>>> print(open('entry.cif').read())   # mmCIF, C-alpha atoms
data_upload
loop_
_atom_site.label_atom_id
_atom_site.label_comp_id
_atom_site.auth_asym_id
_atom_site.auth_seq_id
_atom_site.Cartn_x
_atom_site.Cartn_y
_atom_site.Cartn_z
CA MET A 754 5.83 -2.03 -24.38
CA LYS A 755 2.51 -2.98 -22.81
CA ILE A 756 1.45 -0.54 -20.12
CA LYS A 757 1.54 -1.94 -16.61
CA ASN A 758 -1.30 -1.20 -14.20
CA VAL A 759 -0.89 -0.96 -10.45
CA LEU A 760 -2.76 -3.05 -7.91
CA SER A 761 -2.74 -1.57 -4.40
CA VAL A 762 -4.27 -2.77 -1.14
CA ASP A 763 -5.23 -0.35 1.63
CA VAL A 764 -4.67 -2.65 4.60
CA GLU A 765 -7.17 -1.71 7.29
CA ASP A 766 -9.98 -3.50 9.15
CA TRP A 767 -13.76 -3.52 8.73
CA PHE A 768 -14.30 -0.88 11.45
CA HIS A 769 -12.08 1.74 9.79
CA ILE A 770 -14.79 3.28 7.60
CA LEU A 771 -14.47 7.07 7.77
CA GLU A 772 -16.84 9.79 8.97
CA LEU A 773 -19.61 7.77 10.58
CA GLU A 774 -21.13 8.36 14.01
CA SER A 775 -20.92 4.60 14.50
CA THR A 776 -17.23 4.34 13.68
CA PRO A 777 -15.58 3.35 16.96
CA ASP A 778 -12.91 5.52 18.55
CA ILE A 779 -9.35 4.21 18.34
CA GLY A 780 -9.48 3.41 22.04
CA LYS A 781 -12.10 0.75 21.33
CA TRP A 782 -10.40 -0.94 18.36
CA ASP A 783 -8.57 -3.49 20.48
CA GLY A 784 -11.88 -4.85 21.74
CA LEU A 785 -13.35 -5.52 18.30
CA GLU A 786 -13.10 -8.70 16.24
CA SER A 787 -10.27 -8.26 13.77
CA ARG A 788 -10.61 -9.89 10.36
CA VAL A 789 -7.84 -8.09 8.52
CA GLU A 790 -5.19 -10.81 8.84
CA LYS A 791 -7.32 -13.65 7.44
CA ASN A 792 -8.66 -11.52 4.58
CA PHE A 793 -5.27 -10.08 3.68
CA PHE A 794 -3.59 -13.50 3.67
CA ASN A 795 -6.33 -14.76 1.34
CA MET A 796 -5.50 -11.91 -1.00
CA LEU A 797 -1.77 -12.68 -0.84
CA ASP A 798 -2.51 -16.30 -1.80
CA GLU A 799 -4.36 -15.13 -4.91
CA PHE A 800 -1.51 -12.80 -5.86
CA ASP A 801 0.89 -15.75 -5.56
CA LYS A 802 -1.05 -17.75 -8.14
CA THR A 803 -0.11 -15.29 -10.89
CA GLY A 804 3.22 -14.17 -9.42
CA THR A 805 1.88 -10.62 -9.09
CA THR A 806 3.54 -8.17 -6.72
CA VAL A 807 1.41 -5.34 -5.37
CA THR A 808 1.73 -2.29 -3.15
CA CYS A 809 0.35 -2.68 0.37
CA PHE A 810 -0.53 0.63 2.05
CA ILE A 811 -0.49 -0.51 5.68
CA LEU A 812 -2.31 1.31 8.43
CA GLY A 813 0.14 1.88 11.29
CA TRP A 814 -2.32 0.66 13.90
CA VAL A 815 -2.70 -2.61 11.97
CA ALA A 816 1.10 -2.93 11.71
CA GLU A 817 1.45 -2.46 15.46
CA LYS A 818 -1.20 -5.08 16.26
CA HIS A 819 -0.43 -7.54 13.46
CA PRO A 820 3.27 -7.20 12.52
CA GLN A 821 3.17 -10.69 10.96
CA ILE A 822 1.04 -9.22 8.17
CA ILE A 823 3.85 -6.90 7.11
CA ARG A 824 6.56 -9.54 7.44
CA GLU A 825 4.60 -12.03 5.35
CA ALA A 826 3.80 -9.52 2.61
CA ALA A 827 7.43 -8.42 2.44
CA LYS A 828 8.58 -12.05 2.42
CA ARG A 829 6.38 -12.70 -0.61
CA GLY A 830 7.95 -9.80 -2.49
CA HIS A 831 5.29 -7.13 -2.11
CA GLU A 832 5.96 -3.44 -1.57
CA ILE A 833 5.13 -2.08 1.89
CA ALA A 834 3.91 1.52 1.99
CA SER A 835 2.27 3.81 4.54
CA HIS A 836 -1.42 4.52 5.09
CA GLY A 837 -0.77 6.66 8.16
CA PHE A 838 -1.29 5.42 11.72
CA ALA A 839 -4.79 6.13 13.01
CA HIS A 840 -6.87 6.41 9.81
CA GLN A 841 -7.60 10.11 10.17
CA LEU A 842 -8.57 12.42 7.33
CA VAL A 843 -5.58 14.63 6.59
CA TYR A 844 -7.63 17.82 6.31
CA THR A 845 -8.85 17.32 9.89
CA LEU A 846 -5.28 17.33 11.25
CA LYS A 847 -2.94 20.16 12.10
CA ARG A 848 0.28 20.20 10.10
CA GLU A 849 2.36 19.07 13.06
CA GLU A 850 -0.07 16.23 13.80
CA PHE A 851 0.17 14.99 10.22
CA ALA A 852 3.98 15.19 10.32
CA ALA A 853 4.10 13.14 13.52
CA ASP A 854 1.68 10.56 12.13
CA ILE A 855 3.53 9.89 8.88
CA THR A 856 6.96 9.90 10.54
CA LYS A 857 5.90 7.43 13.23
CA THR A 858 4.28 5.09 10.72
CA LYS A 859 7.21 5.16 8.30
CA LYS A 860 9.70 4.16 11.00
CA MET A 861 7.42 1.43 12.33
CA LEU A 862 6.88 -0.12 8.91
CA GLU A 863 10.59 0.03 8.10
CA ASP A 864 11.51 -1.63 11.39
CA ILE A 865 9.04 -4.46 10.80
CA SER A 866 9.49 -5.02 7.06
CA GLY A 867 13.19 -4.30 6.57
CA GLN A 868 12.20 -2.23 3.52
CA GLU A 869 12.64 1.47 2.88
CA ILE A 870 9.14 2.94 2.94
CA CYS A 871 8.83 5.21 -0.08
CA GLY A 872 5.09 5.51 -0.65
CA TYR A 873 2.15 7.06 1.17
CA ARG A 874 -1.62 7.09 0.69
CA ALA A 875 -3.89 9.26 2.81
CA PRO A 876 -7.00 7.74 4.40
CA GLY A 877 -9.97 8.68 2.24
CA PHE A 878 -7.63 10.26 -0.34
CA SER A 879 -7.86 13.30 1.92
CA ILE A 880 -4.94 15.38 0.66
CA THR A 881 -6.79 18.31 -0.88
CA LYS A 882 -6.37 21.95 -1.78
CA ASP A 883 -6.87 22.68 1.93
CA THR A 884 -3.65 20.81 2.83
CA PRO A 885 -0.95 22.45 0.68
CA TRP A 886 1.64 21.56 3.33
CA ALA A 887 1.10 17.80 3.09
CA MET A 888 3.57 17.18 0.27
CA GLU A 889 6.23 19.24 2.05
CA GLU A 890 5.85 17.10 5.14
CA LEU A 891 5.93 13.86 3.14
CA ALA A 892 9.19 14.88 1.49
CA LYS A 893 10.64 16.03 4.81
CA ALA A 894 9.79 12.64 6.35
CA GLY A 895 11.61 10.86 3.54
CA TYR A 896 8.78 9.63 1.35
CA LYS A 897 9.42 9.49 -2.40
CA TYR A 898 5.92 9.23 -3.82
CA ASP A 899 2.28 9.70 -2.93
CA SER A 900 -0.98 8.20 -4.22
CA SER A 901 -3.58 10.30 -2.41
CA ILE A 902 -4.91 12.73 -5.01
CA PHE A 903 -8.38 11.85 -6.26
CA PRO A 904 -8.80 13.95 -9.44
CA ALA A 905 -12.61 14.09 -9.34
CA ALA A 906 -15.42 14.89 -6.93
CA ARG A 907 -15.88 12.50 -4.00
CA GLY A 908 -17.12 12.37 -0.42
CA HIS A 909 -13.76 12.78 1.33
CA GLY A 910 -11.99 15.54 -0.52
CA GLY A 911 -11.24 15.13 -4.19
CA ILE A 912 -9.71 17.76 -6.49
CA ASN A 913 -11.83 18.15 -9.61
CA ASP A 914 -9.17 19.78 -11.75
CA ALA A 915 -6.13 17.81 -10.58
CA ASN A 916 -3.77 16.30 -13.13
CA MET A 917 -4.83 12.77 -14.09
CA PHE A 918 -1.28 11.81 -15.11
CA PRO A 919 1.60 11.11 -12.71
CA TYR A 920 3.58 14.27 -11.99
CA ASP A 921 6.41 15.57 -9.82
CA ILE A 922 5.82 17.99 -6.95
CA ASN A 923 8.84 20.10 -6.03
CA THR A 924 9.17 20.84 -2.34
CA GLU A 925 11.79 22.43 -0.12
CA TYR A 926 12.83 18.92 0.95
CA GLY A 927 12.88 17.22 -2.43
CA ILE A 928 10.58 15.85 -5.11
CA ILE A 929 7.41 13.87 -4.41
CA ARG A 930 6.09 11.87 -7.33
CA GLU A 931 2.29 11.90 -7.37
CA TYR A 932 0.36 8.92 -8.74
CA PRO A 933 -3.26 10.10 -8.74
CA ILE A 934 -6.13 7.66 -8.45
CA SER A 935 -7.32 6.68 -11.92
CA VAL A 936 -10.46 8.17 -13.41
CA ALA A 937 -11.88 8.06 -16.92
CA GLU A 938 -13.52 11.00 -18.63
CA ILE A 939 -17.00 10.18 -19.90
CA PHE A 940 -18.83 13.02 -21.69
CA GLY A 941 -16.64 15.52 -19.88
CA LYS A 942 -17.23 14.01 -16.43
CA ARG A 943 -14.48 12.26 -14.48
CA ILE A 944 -15.57 8.89 -13.08
CA CYS A 945 -13.62 6.29 -11.12
CA PHE A 946 -14.19 2.61 -11.98
CA PHE A 947 -11.13 1.10 -10.38
CA GLY A 948 -11.33 0.79 -6.61
CA GLY A 949 -13.43 0.51 -3.47
CA GLY A 950 -17.15 0.93 -4.02
CA TYR A 951 -16.61 1.81 -7.67
CA LEU A 952 -14.88 -1.51 -8.36
CA ARG A 953 -17.66 -3.34 -6.55
CA LEU A 954 -20.51 -1.43 -8.18
CA PHE A 955 -19.57 -1.58 -11.86
CA PRO A 956 -19.60 -4.84 -13.86
CA TYR A 957 -16.25 -6.32 -14.79
CA GLY A 958 -16.78 -5.75 -18.51
CA LEU A 959 -17.17 -2.02 -17.99
CA ILE A 960 -14.19 -1.85 -15.65
CA ASN A 961 -12.05 -3.64 -18.23
CA LYS A 962 -13.29 -1.36 -21.02
CA MET A 963 -12.52 1.77 -19.01
CA SER A 964 -9.08 0.45 -18.08
CA LYS A 965 -8.30 0.07 -21.79
CA LYS A 966 -9.47 3.66 -22.33
CA VAL A 967 -7.10 4.90 -19.62
CA ASN A 968 -4.23 2.83 -21.05
CA SER A 969 -4.94 4.21 -24.53
CA GLU A 970 -4.21 7.65 -23.09
CA ASN A 971 -0.80 6.34 -21.96
CA ARG A 972 -1.85 6.23 -18.31
CA SER A 973 -1.43 3.30 -15.97
CA VAL A 974 -4.56 2.33 -14.08
CA VAL A 975 -4.26 2.50 -10.30
CA TYR A 976 -6.53 -0.14 -8.74
CA TYR A 977 -7.20 -0.12 -4.99
CA VAL A 978 -9.01 -2.58 -2.73
CA HIS A 979 -9.46 -3.21 0.99
CA PRO A 980 -9.28 -6.59 2.77
CA ARG A 981 -12.81 -6.21 4.14
CA GLU A 982 -14.15 -6.03 0.58
CA ILE A 983 -13.44 -9.71 -0.07
CA ASP A 984 -15.28 -10.69 3.13
CA PRO A 985 -19.08 -10.49 2.66
CA GLY A 986 -19.62 -11.85 6.17
CA HIS A 987 -17.75 -9.17 8.06
CA PRO A 988 -19.59 -7.19 10.78
CA ARG A 989 -21.43 -4.06 9.73
CA LEU A 990 -21.39 -0.54 11.12
CA GLN A 991 -24.61 1.40 11.49
CA MET A 992 -25.11 4.03 8.78
CA GLY A 993 -27.68 5.59 6.51
CA ALA A 994 -29.01 3.92 3.38
CA VAL A 995 -26.72 5.76 0.95
CA ARG A 996 -23.53 5.08 2.89
CA LYS A 997 -24.65 1.49 3.47
CA PHE A 998 -24.99 1.00 -0.27
CA LYS A 999 -21.58 2.56 -0.96
CA SER A 1000 -19.86 0.58 1.78
CA TYR A 1001 -21.39 -2.86 1.26
CA VAL A 1002 -22.71 -3.17 -2.29
CA ASN A 1003 -21.55 -6.24 -4.23
CA LEU A 1004 -19.01 -7.49 -1.69
CA LYS A 1005 -19.33 -10.98 -3.19
CA THR A 1006 -18.03 -9.69 -6.53
CA THR A 1007 -14.75 -8.24 -5.28
CA MET A 1008 -12.56 -11.33 -5.22
CA PRO A 1009 -13.81 -12.71 -8.55
CA LYS A 1010 -13.03 -9.34 -10.15
CA ILE A 1011 -9.57 -9.25 -8.60
CA ILE A 1012 -8.87 -12.78 -9.82
CA ARG A 1013 -9.86 -11.82 -13.37
CA LEU A 1014 -7.72 -8.69 -13.24
CA LEU A 1015 -4.75 -10.74 -12.04
CA LYS A 1016 -5.16 -13.15 -14.95
CA GLU A 1017 -6.02 -10.69 -17.70
CA GLN A 1018 -4.02 -7.54 -16.96
CA ASN A 1019 -0.36 -6.74 -16.49
CA LEU A 1020 -0.49 -5.74 -12.81
CA THR A 1021 2.40 -4.66 -10.64
CA SER A 1022 3.40 -2.50 -7.66
CA PHE A 1023 4.32 1.17 -7.54
CA SER A 1024 7.90 0.21 -6.72
CA GLU A 1025 8.19 -1.80 -9.95
CA LEU A 1026 6.40 0.88 -11.96
CA ARG A 1027 8.80 3.52 -10.67
CA LYS A 1028 11.75 1.51 -12.02
CA THR A 1029 10.39 2.12 -15.53
CA GLY A 1030 10.59 5.89 -14.97
CA TYR A 1031 6.82 6.30 -15.19
#
>>> encode(input="entry.cif", output="structure tokens")
Amino acid sequence: MKIKNVLSVDVEDWFHILELESTPDIGKWDGLESRVEKNFFNMLDEFDKTGTTVTCFILGWVAEKHPQIIREAAKRGHEIASHGFAHQLVYTLKREEFAADITKTKKMLEDISGQEICGYRAPGFSITKDTPWAMEELAKAGYKYDSSIFPAARGHGGINDANMFPYDINTEYGIIREYPISVAEIFGKRICFFGGGYLRLFPYGLINKMSKKVNSENRSVVYYVHPREIDPGHPRLQMGAVRKFKSYVNLKTTMPKIIRLLKEQNLTSFSELRKTGY
């Protein structure tokens, strides 16, 4: 059977970039131009063209302000999952703050979508070795799987020696299935090609080649994108040259790459992948 790859969307707005002095406080978000609905609906229209269902990790703040986004995605058959409420790095939170955040967001998304919310992804993939309690709290809150572990070095967290294959985490409250972000090993170094700035930076041919390498190792590729990344005209936050490059490089290439992936690869959601026992 041909391996299925996962396409996931982290549904947040253009001003939700992490760890910048210019990133506005949550109290100011209401006053900013929101572009998430238009961009996300454009993505949903492209998914419809190939009949592809994806996993949508929805930020709780976005769900509260734009509940129609969740209803429309659910109506079109997509999986709704949690991205937390306020887009905070997990390792900056106290355990009880994290528990409150994921519990609040899960209930909100379930009330809006009518779906059981099984999946979670941390902002910035910020579940690390410094947050050993995170999986316990996810299981306690009723989540079934997580896709927050980045098994390589990166700016926000990352766990260099983490398992690159999906695996079960046993907790006091039940099992959490971990689907780590996909990386490929090149000359002993783990490199991501499949989401965010990596997806924008690398040419499609290389991304496709690396996805075949991951599949040849009997691993599904986990792709991730953000609605702002298909919108080259969105407002910019002030930042240094390196972060500016990482945040805004090749925005015009994102949608064409997604369209090719939709046409050329067997993409699905985590919910559908889990039905296969993977």
>>> atom_distance(input="entry.cif", atom1="atom CA of A:Ala906", atom2="atom CA of A:Glu772")
16.8 Å
>>> closest_residue(input="entry.cif", among="A:Leu846, A:Ile770, A:Val967, A:Val815", to="A:Glu982", atoms="only C-alpha atoms")
A:Ile770
>>> resolve_selection(input="entry.cif", expression="the PyMOL selection byres ((chain A and resi 988) around 9)", output="JSON, numbers by chain")
{"A": [767, 768, 786, 985, 986, 987, 989, 990]}
>>> atom_distance(input="entry.cif", atom1="atom CA of A:Lys966", atom2="atom CA of A:Thr806")
23.5 Å
>>> residues_near_point(input="entry.cif", point="(4.5, -6.8, 8.9)", cutoff="12 Å", atoms="only C-alpha atoms", output="PyMOL selection string")
chain A and resi 764+790+793-794+809-829+831-835+861-868
>>> resolve_selection(input="entry.cif", expression="the PyMOL selection byres ((chain A and resi 950) around 9)", output="list in words")
Phe946, Phe947, Gly948, Gly949, Tyr951, Leu952, Arg953, Leu954, Phe955, Val978, Glu982, Phe998, Lys999, Ser1000, Tyr1001, Val1002, Asn1003 and Leu1004 of chain A
>>> axis_aligned_box(input="entry.cif", around="stretch 947-950 of chain A", padding_each_side="8 Å", output="JSON")
{"center_x": -14.1, "center_y": 0.8, "center_z": -6.9, "size_x": 22.0, "size_y": 16.6, "size_z": 22.9}
>>> closest_residue(input="entry.cif", among="A:Leu1020, A:Arg930, A:Glu799, A:Lys847", to="A:Met1008", atoms="all atoms listed in the file")
A:Glu799
>>> resolve_selection(input="entry.cif", expression="the PyMOL selection byres ((chain A and resi 852) around 9)", output="list in words")
Lys847, Arg848, Glu849, Glu850, Phe851, Ala853, Asp854, Ile855, Thr856, Lys857, Ala887, Glu890, Leu891, Lys893 and Ala894 of chain A
>>> residues_around(input="entry.cif", residues="A:Gly895", least_positions_apart="6", cutoff="9 Å", atoms="all atoms listed in the file", output="PyMOL selection string")
chain A and resi 856+859+870-871+926-927
>>> closest_residue(input="entry.cif", among="A:Arg972, A:His979, A:His836, A:His769", to="A:Phe918", atoms="only C-alpha atoms")
A:Arg972
>>> atom_distance(input="entry.cif", atom1="atom CA of A:Pro876", atom2="atom CA of A:Ser935")
16.4 Å
>>> residues_around(input="entry.cif", residues="A:Asn758", least_positions_apart="6", cutoff="9 Å", atoms="all atoms listed in the file", output="list of chain:residue names")
A:Ser964, A:Asn968, A:Arg972, A:Ser973, A:Val974, A:Val975, A:Tyr976, A:Gln1018, A:Asn1019, A:Leu1020, A:Thr1021, A:Ser1022, A:Leu1026
>>> closest_residue(input="entry.cif", among="A:Tyr977, A:Thr881, A:Gly784, A:Ala937", to="A:Thr845", atoms="all atoms listed in the file")
A:Thr881
>>> residues_around(input="entry.cif", residues="A:Phe903", least_positions_apart="4", cutoff="8 Å", atoms="only C-alpha atoms", output="number ranges by chain")
A: 878, 907, 910-913, 915, 933-935
>>> closest_residue(input="entry.cif", among="A:Lys757, A:Lys965, A:Arg1027, A:Lys781", to="A:Lys897", atoms="only C-alpha atoms")
A:Arg1027
>>> residues_around(input="entry.cif", residues="A:Val789", least_positions_apart="2", cutoff="8 Å", atoms="all atoms listed in the file", output="count of residues only")
10
>>> closest_residue(input="entry.cif", among="A:Ser901, A:Ser761, A:Glu774, A:Ile756", to="A:Met992", atoms="all atoms listed in the file")
A:Glu774
